[in-house]
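S.K.: First, the structure itself, so that you have it in front of you.
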Amino acid sequence: MRCVVANWKMNLLAADAAAWTEAFLARHSQAPGVAVGVAPPFPLLRPVGDALRAKGVRLFAQNGHAEPKGAYTGEVSMAQIQDAGCAGVILGHSERRQFFGETDVALIKKVKAARDWNLLPLLCVGETLTERQAGFTLEVLGQQLSILAETGPGPLWVAYEPVWAIGTGLRAEAEQVREVHAFIRAKLDQFMDRGDYPVPILYGGSVTPENFPELLGIPEVAGGLVGGASLDPGKFGDLVKQAG
Ligand code: PGA
């Protein structure tokens, strides 16, 4: 299975999102074996959700709180995300780790809570430039993935997103991606009983229609988590077609 997920981050207003959805769906037909996801900001989940789901596109949230409800001002629970029509939730994105203090301990609870609410966790892992230059890439990724020993078997997608490649136009070299994806696969086998769950490993970080075909040719690259390029419905549509 190939997977292509749009991460809109904190972009677009309702009118832009409606125009994006109309433009994307006008050209979209669900190819067999390709799972397509869109992760809008919370207020846009409802406005675009019905139209996307009707065409087989899965709705993702960009974050979620582990508690189902309660006094957590400013947070949104997995229960609410599921209630809003989501099929999955992005967890552990580097921007959440970097700017909002998301920890591995919190992520253990979030992965479990997502599954409790039938949401597919899309867990992001990745090293910073300093960590890569210091030779710690695999150690950092191993640590981030070790939470899966605590979360048990269950549905999961993983995205490898080198932090230095996100939104920078820099993309990891094919050999770097190959090495890391093989390492992630080995760690997944070590840390979790995969059972019947295939656990695709996506690549993220300045993915564009220009570089996606090469990325898809790398072993263990099952697709892409796409930020900047996904804001253009034409480019995102091209990426989905390339995955088919
Ligand atoms: P980018 O973002 O494609 O803009 O680099 C990817 C992501 O952060 O998920």
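For the structure tokens, the naming scheme is as follows: chains receive sequential letters (A, B, ...) according to their order of presentation, residues are indexed from 1 within each chain, and ligands are indexed from 1 in presentation order.
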Got a sec: who's within 10 Å of Glu179 of chain A, counting only C-alpha atoms, leaving out chain neighbours fewer than 2 positions off, as a VMD selection string?

M.R.: chain A and resid 138 174 to 177 181 to 184 218 to 220

S.K.: For ligand 1, return the neighbouring residues as an NGL selection string (distance at most 8 Å; only C-alpha atoms and all ligand atoms).

M.R.: :A and (6-7 or 9 or 93-95 or 161 or 165-169 or 204-208 or 225-230)

S.K.: If we count only C-alpha atoms, what is near segment 112-120 of chain A at a cut-off of 8 Å, once residues fewer than 3 positions away on the same chain are taken out, given as a ChimeraX atom specification?

M.R.: /A:64,66-68,78-79,82,86-89,108-109,151,154-157

S.K.: Per DSSP on the backbone, what are the alpha helix (DSSP H) residues of segment 58-209 of chain A, as a PyMOL selection string?

M.R.: chain A and resi 78-83+94-100+104-116+129-133+137-145+148-151+174-191

S.K.: Work out how far atom CA of Gly152 of chain A is from atom CA of Ala106 of chain A, in Å to one decimal.

M.R.: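 That distance, rounded to one decimal, is 15.3 Å.
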
S.K.: Output as CSV one row per residue of segment 89-116 of chain A within 10 Å of segment 123-131 of chain A: the closest atom pair and its distance in Å to one decimal place, counting only C-alpha atoms, sorted by chain and residue number ascending.

M.R.:
residue,atom,partner,partner_atom,distance
A:Val89,CA,A:Leu123,CA,8.5
A:Ile90,CA,A:Leu123,CA,6.1
A:Leu91,CA,A:Leu123,CA,4.9
A:Gly92,CA,A:Cys124,CA,5.2
A:His93,CA,A:Cys124,CA,5.1
A:Ser94,CA,A:Cys124,CA,7.1
A:Arg97,CA,A:Val125,CA,9.8
A:Leu107,CA,A:Leu123,CA,8.7
A:Lys110,CA,A:Leu123,CA,10.0
A:Val111,CA,A:Leu123,CA,8.1

S.K.: Return as a ChimeraX atom specification the full set of residues in segment 134-229 of chain A whose backbone-based DSSP assignment is strand (DSSP E or B).

M.R.: /A:157-160,201-204,223-226

S.K.: Please save C-alpha atoms of the selected residues as a compact mmCIF listing (two decimals), in the first residue's frame.

M.R.:
# COMPACT_ATOMS: atom_id res chain seq x y z
CA TRP A 157 1.81 4.56 10.13
CA VAL A 158 5.27 6.05 10.65
CA ALA A 159 6.73 9.10 8.90
CA TYR A 160 10.47 9.73 8.77
CA ILE A 201 6.88 4.10 6.53
CA LEU A 202 6.36 7.47 4.80
CA TYR A 203 9.06 10.04 4.03
CA GLY A 204 8.47 13.73 4.77
CA GLY A 223 4.71 7.28 0.44
CA GLY A 224 4.94 10.86 1.65
CA LEU A 225 3.83 13.27 4.34
CA VAL A 226 3.69 16.55 2.49

S.K.: Mind pulling up the distance from atom CA of Lys241 of chain A to atom CA of Ala31 of chain A?

M.R.: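 Going from atom CA of Ala31 of chain A over to atom CA of Lys241 of chain A covers 8.0 Å.
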
S.K.: Pick from A:Gln133, A:Leu145, A:Pro233, A:Ala61: nearest to Ala18 of chain A, with only C-alpha atoms counted?

M.R.: A:Pro233

S.K.: I want to know what sits within 10 Å of Trp20 of chain A, based on only C-alpha atoms, with residues of the same chain fewer than 5 positions away left out; could you give that as a ChimeraX atom specification?

M.R.: /A:12,14-15,25-26,48,230-234

S.K.: Residues as selected, all heavy atoms, written as a JSON list (two decimals), in the first residue's frame, can you do that?

M.R.:
[["chain", "number", "residue", "atom", "x", "y", "z"],
["A", 12, "LEU", "N", -4.41, 28.13, 5.62],
["A", 12, "LEU", "CA", -5.70, 28.20, 4.92],
["A", 12, "LEU", "C", -6.85, 28.65, 5.83],
["A", 12, "LEU", "O", -6.93, 28.28, 6.99],
["A", 12, "LEU", "CB", -6.06, 26.87, 4.24],
["A", 12, "LEU", "CG", -5.03, 26.23, 3.31],
["A", 12, "LEU", "CD1", -5.65, 25.03, 2.58],
["A", 12, "LEU", "CD2", -4.49, 27.23, 2.30],
["A", 14, "ALA", "N", -11.31, 29.13, 5.72],
["A", 14, "ALA", "CA", -12.39, 28.26, 5.25],
["A", 14, "ALA", "C", -12.59, 28.37, 3.73],
["A", 14, "ALA", "O", -12.76, 27.36, 3.04],
["A", 14, "ALA", "CB", -13.68, 28.60, 5.98],
["A", 15, "ALA", "N", -12.56, 29.60, 3.21],
["A", 15, "ALA", "CA", -12.80, 29.77, 1.76],
["A", 15, "ALA", "C", -11.68, 29.12, 0.95],
["A", 15, "ALA", "O", -11.94, 28.48, -0.09],
["A", 15, "ALA", "CB", -12.91, 31.26, 1.42],
["A", 25, "LEU", "N", -10.50, 17.55, -5.67],
["A", 25, "LEU", "CA", -11.43, 16.45, -5.94],
["A", 25, "LEU", "C", -11.85, 16.40, -7.41],
["A", 25, "LEU", "O", -12.20, 15.34, -7.92],
["A", 25, "LEU", "CB", -12.64, 16.53, -5.02],
["A", 25, "LEU", "CG", -12.34, 16.24, -3.54],
["A", 25, "LEU", "CD1", -13.61, 16.35, -2.71],
["A", 25, "LEU", "CD2", -11.69, 14.87, -3.34],
["A", 26, "ALA", "N", -11.81, 17.54, -8.09],
["A", 26, "ALA", "CA", -12.20, 17.57, -9.51],
["A", 26, "ALA", "C", -11.30, 16.65, -10.33],
["A", 26, "ALA", "O", -11.72, 16.11, -11.35],
["A", 26, "ALA", "CB", -12.11, 19.00, -10.03],
["A", 48, "VAL", "N", -14.46, 20.66, 5.36],
["A", 48, "VAL", "CA", -13.98, 19.92, 4.18],
["A", 48, "VAL", "C", -14.18, 18.41, 4.31],
["A", 48, "VAL", "O", -14.05, 17.68, 3.33],
["A", 48, "VAL", "CB", -12.48, 20.20, 3.87],
["A", 48, "VAL", "CG1", -12.27, 21.67, 3.57],
["A", 48, "VAL", "CG2", -11.57, 19.75, 5.02],
["A", 230, "SER", "N", 1.65, 20.45, -0.45],
["A", 230, "SER", "CA", 0.26, 19.99, -0.36],
["A", 230, "SER", "C", -0.73, 21.15, -0.35],
["A", 230, "SER", "O", -1.93, 20.95, -0.51],
["A", 230, "SER", "CB", 0.05, 19.13, 0.90],
["A", 230, "SER", "OG", -0.09, 19.93, 2.05],
["A", 231, "LEU", "N", -0.22, 22.39, -0.16],
["A", 231, "LEU", "CA", -1.14, 23.53, -0.15],
["A", 231, "LEU", "C", -1.61, 23.88, -1.56],
["A", 231, "LEU", "O", -2.57, 24.62, -1.74],
["A", 231, "LEU", "CB", -0.45, 24.75, 0.49],
["A", 231, "LEU", "CG", -0.11, 24.56, 1.98],
["A", 231, "LEU", "CD1", 0.69, 25.74, 2.50],
["A", 231, "LEU", "CD2", -1.38, 24.37, 2.81],
["A", 232, "ASP", "N", -0.92, 23.33, -2.54],
["A", 232, "ASP", "CA", -1.32, 23.50, -3.94],
["A", 232, "ASP", "C", -2.07, 22.23, -4.37],
["A", 232, "ASP", "O", -1.45, 21.16, -4.46],
["A", 232, "ASP", "CB", -0.05, 23.71, -4.78],
["A", 232, "ASP", "CG", -0.36, 23.84, -6.27],
["A", 232, "ASP", "OD1", -1.38, 23.28, -6.74],
["A", 232, "ASP", "OD2", 0.45, 24.48, -6.97],
["A", 233, "PRO", "N", -3.39, 22.33, -4.61],
["A", 233, "PRO", "CA", -4.15, 21.11, -4.90],
["A", 233, "PRO", "C", -3.66, 20.40, -6.16],
["A", 233, "PRO", "O", -3.76, 19.17, -6.26],
["A", 233, "PRO", "CB", -5.59, 21.60, -5.07],
["A", 233, "PRO", "CG", -5.48, 23.07, -5.32],
["A", 233, "PRO", "CD", -4.22, 23.53, -4.65],
["A", 234, "GLY", "N", -3.13, 21.17, -7.11],
["A", 234, "GLY", "CA", -2.60, 20.56, -8.34],
["A", 234, "GLY", "C", -1.38, 19.71, -8.03],
["A", 234, "GLY", "O", -1.25, 18.57, -8.48]]

S.K.: Distance atom CA of Val4 of chain A-atom CA of Gly37 of chain A, one decimal place?

M.R.: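 For atom CA of Val4 of chain A relative to atom CA of Gly37 of chain A, the distance reads 6.2 Å.
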
S.K.: With only C-alpha atoms as the counted atoms, please give the residues lying no more than 10 Å from Ala243 of chain A, apart from itself and same-chain residues fewer than 6 positions off, as a ChimeraX atom specification.

M.R.: /A:1-4,31,33-36,212-213,216,222-224

S.K.: Let's have the selection written as an mmCIF file, in the first residue's frame, with all heavy atoms.

M.R.:
data_model
loop_
_atom_site.group_PDB
_atom_site.id
_atom_site.type_symbol
_atom_site.label_atom_id
_atom_site.label_comp_id
_atom_site.auth_asym_id
_atom_site.auth_seq_id
_atom_site.Cartn_x
_atom_site.Cartn_y
_atom_site.Cartn_z
ATOM 1 N N MET A 1 0.833 -1.200 0.000
ATOM 2 C CA MET A 1 0.000 0.000 0.000
ATOM 3 C C MET A 1 0.872 1.256 0.000
ATOM 4 O O MET A 1 1.855 1.334 0.706
ATOM 5 C CB MET A 1 -0.892 0.009 1.248
ATOM 6 C CG MET A 1 -1.795 1.207 1.333
ATOM 7 S SD MET A 1 -2.860 1.243 2.793
ATOM 8 C CE MET A 1 -1.691 1.260 4.122
ATOM 9 N N ARG A 2 0.509 2.225 -0.811
ATOM 10 C CA ARG A 2 1.175 3.528 -0.816
ATOM 11 C C ARG A 2 0.303 4.552 -0.080
ATOM 12 O O ARG A 2 -0.934 4.447 -0.122
ATOM 13 C CB ARG A 2 1.374 3.987 -2.255
ATOM 14 C CG ARG A 2 2.432 3.148 -3.015
ATOM 15 C CD ARG A 2 3.669 3.971 -3.139
ATOM 16 N NE ARG A 2 4.812 3.306 -3.725
ATOM 17 C CZ ARG A 2 5.099 3.280 -5.026
ATOM 18 N NH1 ARG A 2 4.269 3.810 -5.897
ATOM 19 N NH2 ARG A 2 6.214 2.743 -5.448
ATOM 20 N N CYS A 3 0.923 5.507 0.573
ATOM 21 C CA CYS A 3 0.185 6.494 1.371
ATOM 22 C C CYS A 3 0.702 7.898 1.057
ATOM 23 O O CYS A 3 1.917 8.110 1.051
ATOM 24 C CB CYS A 3 0.395 6.265 2.863
ATOM 25 S SG CYS A 3 0.349 4.540 3.374
ATOM 26 N N VAL A 4 -0.218 8.811 0.821
ATOM 27 C CA VAL A 4 0.161 10.208 0.592
ATOM 28 C C VAL A 4 -0.730 11.078 1.475
ATOM 29 O O VAL A 4 -1.962 11.039 1.361
ATOM 30 C CB VAL A 4 -0.026 10.617 -0.889
ATOM 31 C CG1 VAL A 4 0.608 11.981 -1.143
ATOM 32 C CG2 VAL A 4 0.573 9.585 -1.828
ATOM 33 N N ALA A 31 -7.138 5.645 -6.612
ATOM 34 C CA ALA A 31 -6.421 4.524 -7.237
ATOM 35 C C ALA A 31 -6.345 3.370 -6.249
ATOM 36 O O ALA A 31 -6.137 3.605 -5.056
ATOM 37 C CB ALA A 31 -5.017 4.963 -7.630
ATOM 38 N N GLY A 33 -4.908 0.631 -3.949
ATOM 39 C CA GLY A 33 -3.590 0.497 -3.322
ATOM 40 C C GLY A 33 -2.965 1.810 -2.891
ATOM 41 O O GLY A 33 -1.829 1.823 -2.421
ATOM 42 N N VAL A 34 -3.669 2.928 -3.066
ATOM 43 C CA VAL A 34 -3.140 4.209 -2.596
ATOM 44 C C VAL A 34 -4.097 4.796 -1.558
ATOM 45 O O VAL A 34 -5.273 4.992 -1.848
ATOM 46 C CB VAL A 34 -2.969 5.226 -3.751
ATOM 47 C CG1 VAL A 34 -2.366 6.525 -3.229
ATOM 48 C CG2 VAL A 34 -2.114 4.648 -4.854
ATOM 49 N N ALA A 35 -3.575 5.051 -0.364
ATOM 50 C CA ALA A 35 -4.366 5.692 0.682
ATOM 51 C C ALA A 35 -4.009 7.169 0.707
ATOM 52 O O ALA A 35 -2.833 7.519 0.811
ATOM 53 C CB ALA A 35 -4.063 5.047 2.031
ATOM 54 N N VAL A 36 -5.013 8.010 0.572
ATOM 55 C CA VAL A 36 -4.786 9.452 0.533
ATOM 56 C C VAL A 36 -5.377 10.079 1.789
ATOM 57 O O VAL A 36 -6.510 9.772 2.166
ATOM 58 C CB VAL A 36 -5.447 10.079 -0.717
ATOM 59 C CG1 VAL A 36 -5.180 11.582 -0.768
ATOM 60 C CG2 VAL A 36 -4.942 9.404 -1.977
ATOM 61 N N PHE A 212 9.424 13.200 -5.774
ATOM 62 C CA PHE A 212 8.668 12.077 -5.206
ATOM 63 C C PHE A 212 8.898 10.749 -5.947
ATOM 64 O O PHE A 212 9.064 9.711 -5.301
ATOM 65 C CB PHE A 212 7.177 12.438 -5.177
ATOM 66 C CG PHE A 212 6.366 11.623 -4.198
ATOM 67 C CD1 PHE A 212 6.851 11.278 -2.943
ATOM 68 C CD2 PHE A 212 5.070 11.210 -4.532
ATOM 69 C CE1 PHE A 212 6.089 10.535 -2.042
ATOM 70 C CE2 PHE A 212 4.298 10.478 -3.643
ATOM 71 C CZ PHE A 212 4.802 10.139 -2.396
ATOM 72 N N PRO A 213 8.955 10.744 -7.301
ATOM 73 C CA PRO A 213 9.167 9.455 -7.976
ATOM 74 C C PRO A 213 10.459 8.774 -7.523
ATOM 75 O O PRO A 213 10.478 7.566 -7.304
ATOM 76 C CB PRO A 213 9.219 9.829 -9.459
ATOM 77 C CG PRO A 213 8.397 11.076 -9.557
ATOM 78 C CD PRO A 213 8.672 11.825 -8.283
ATOM 79 N N LEU A 216 9.933 7.310 -4.074
ATOM 80 C CA LEU A 216 9.085 6.101 -4.091
ATOM 81 C C LEU A 216 9.856 4.869 -4.565
ATOM 82 O O LEU A 216 9.449 3.739 -4.297
ATOM 83 C CB LEU A 216 7.861 6.327 -4.994
ATOM 84 C CG LEU A 216 6.792 7.261 -4.431
ATOM 85 C CD1 LEU A 216 5.755 7.573 -5.502
ATOM 86 C CD2 LEU A 216 6.123 6.661 -3.199
ATOM 87 N N ALA A 222 7.059 4.078 1.612
ATOM 88 C CA ALA A 222 5.693 3.713 1.229
ATOM 89 C C ALA A 222 4.864 4.913 0.810
ATOM 90 O O ALA A 222 3.683 4.758 0.477
ATOM 91 C CB ALA A 222 5.009 2.996 2.390
ATOM 92 N N GLY A 223 5.478 6.116 0.836
ATOM 93 C CA GLY A 223 4.706 7.277 0.444
ATOM 94 C C GLY A 223 5.270 8.532 1.068
ATOM 95 O O GLY A 223 6.436 8.553 1.468
ATOM 96 N N GLY A 224 4.436 9.579 1.173
ATOM 97 C CA GLY A 224 4.945 10.855 1.652
ATOM 98 C C GLY A 224 3.986 11.582 2.575
ATOM 99 O O GLY A 224 2.762 11.466 2.439
#

S.K.: Using only C-alpha atoms for the distances, tell me which of A:Val163, A:Leu239, A:Val180, A:Leu13 is nearest to Val221 of chain A.

M.R.: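 Checking each of A:Val163, A:Leu239, A:Val180, A:Leu13 against Val221 of chain A, counting only C-alpha atoms, the winner is A:Val180.
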